[in-house]
Amino acid sequence: MITIYSRQGCMYCEKFIAIVEIEELKHVVYRLDRDFTREEFAEKFGENATFPQIMYDDTHIGGCKEGILYLQENNICCTA
């Protein structure tokens, strides 16, 4: 299960969400100020974390670029 911590208006969040939806991967999207606060986000990912932050099962993957790379390297999707 892919968990995406996102915020409204984030183009990288929308890009990664679009990829998992096109690939029909099981995922859940949490949004800032709807599902968590900025303080909760900083506590979970660190003060300097950017959006999105992506988890695969219980493993923290990182941002959009790291998420795509993880999906490719693990043959989950997006391979050439």
# chains A, B, ... in the order shown; residues from 1 in each chain; ligands from 1
>>> residues_around(residues="Val29 of chain A", least_positions_apart="4", cutoff="10 Å", atoms="only C-alpha atoms", output="list in words")
Ile2, Thr3, Ile4, Tyr5, Ser6, Arg7, Cys13, Ile17, Asp35, Pro52 and Ile54 of chain A
>>> select_by_dssp(residues="chain A", states="strand (DSSP E or B)", output="PyMOL selection string")
chain A and resi 2-6+27-32+36+53-56+59-62
>>> closest_residue(among="A:Gln8, A:Glu73, A:Ile68, A:Met55", to="Glu23 of chain A", atoms="only C-alpha atoms")
A:Ile68
>>> closest_residue(among="A:Gly62, A:Phe51, A:Gly9, A:Glu21", to="Arg38 of chain A", atoms="only C-alpha atoms")
A:Phe51
>>> atom_distance(atom1="atom CA of Glu43 of chain A", atom2="atom CA of Leu69 of chain A")
24.9 Å
>>> closest_residue(among="A:Ala49, A:Asn74, A:Ile61, A:Gly67", to="Ile19 of chain A", atoms="only C-alpha atoms")
A:Gly67
>>> atom_distance(atom1="atom CA of Val28 of chain A", atom2="atom CA of Thr50 of chain A")
18.1 Å
>>> select_by_dssp(residues="segment 24-63 of chain A", states="helix (DSSP H, G or I)", output="list of chain:residue names")
A:Arg38, A:Glu39, A:Glu40, A:Phe41, A:Ala42, A:Glu43, A:Lys44, A:Phe45
>>> write_last_selection(atoms="N, CA and C atoms", output="PDB file, in the first residue's frame")
ATOM      1  N   ARG A  38       0.535  20.646  10.032  1.00  0.00           N
ATOM      2  CA  ARG A  38       1.938  20.865   9.663  1.00  0.00           C
ATOM      3  C   ARG A  38       2.857  20.353  10.779  1.00  0.00           C
ATOM      4  N   GLU A  39       2.436  20.505  12.034  1.00  0.00           N
ATOM      5  CA  GLU A  39       3.237  20.024  13.158  1.00  0.00           C
ATOM      6  C   GLU A  39       3.354  18.504  13.137  1.00  0.00           C
ATOM      7  N   GLU A  40       2.251  17.820  12.852  1.00  0.00           N
ATOM      8  CA  GLU A  40       2.289  16.358  12.767  1.00  0.00           C
ATOM      9  C   GLU A  40       3.177  15.904  11.612  1.00  0.00           C
ATOM     10  N   PHE A  41       3.115  16.621  10.493  1.00  0.00           N
ATOM     11  CA  PHE A  41       3.953  16.313   9.338  1.00  0.00           C
ATOM     12  C   PHE A  41       5.430  16.459   9.704  1.00  0.00           C
ATOM     13  N   ALA A  42       5.788  17.575  10.345  1.00  0.00           N
ATOM     14  CA  ALA A  42       7.180  17.827  10.744  1.00  0.00           C
ATOM     15  C   ALA A  42       7.658  16.791  11.753  1.00  0.00           C
ATOM     16  N   GLU A  43       6.778  16.382  12.648  1.00  0.00           N
ATOM     17  CA  GLU A  43       7.143  15.375  13.646  1.00  0.00           C
ATOM     18  C   GLU A  43       7.433  14.028  12.985  1.00  0.00           C
ATOM     19  N   LYS A  44       6.661  13.693  11.970  1.00  0.00           N
ATOM     20  CA  LYS A  44       6.816  12.399  11.295  1.00  0.00           C
ATOM     21  C   LYS A  44       7.993  12.388  10.315  1.00  0.00           C
ATOM     22  N   PHE A  45       8.192  13.498   9.575  1.00  0.00           N
ATOM     23  CA  PHE A  45       9.175  13.508   8.486  1.00  0.00           C
ATOM     24  C   PHE A  45      10.341  14.473   8.687  1.00  0.00           C
TER      25      PHE A  45
END
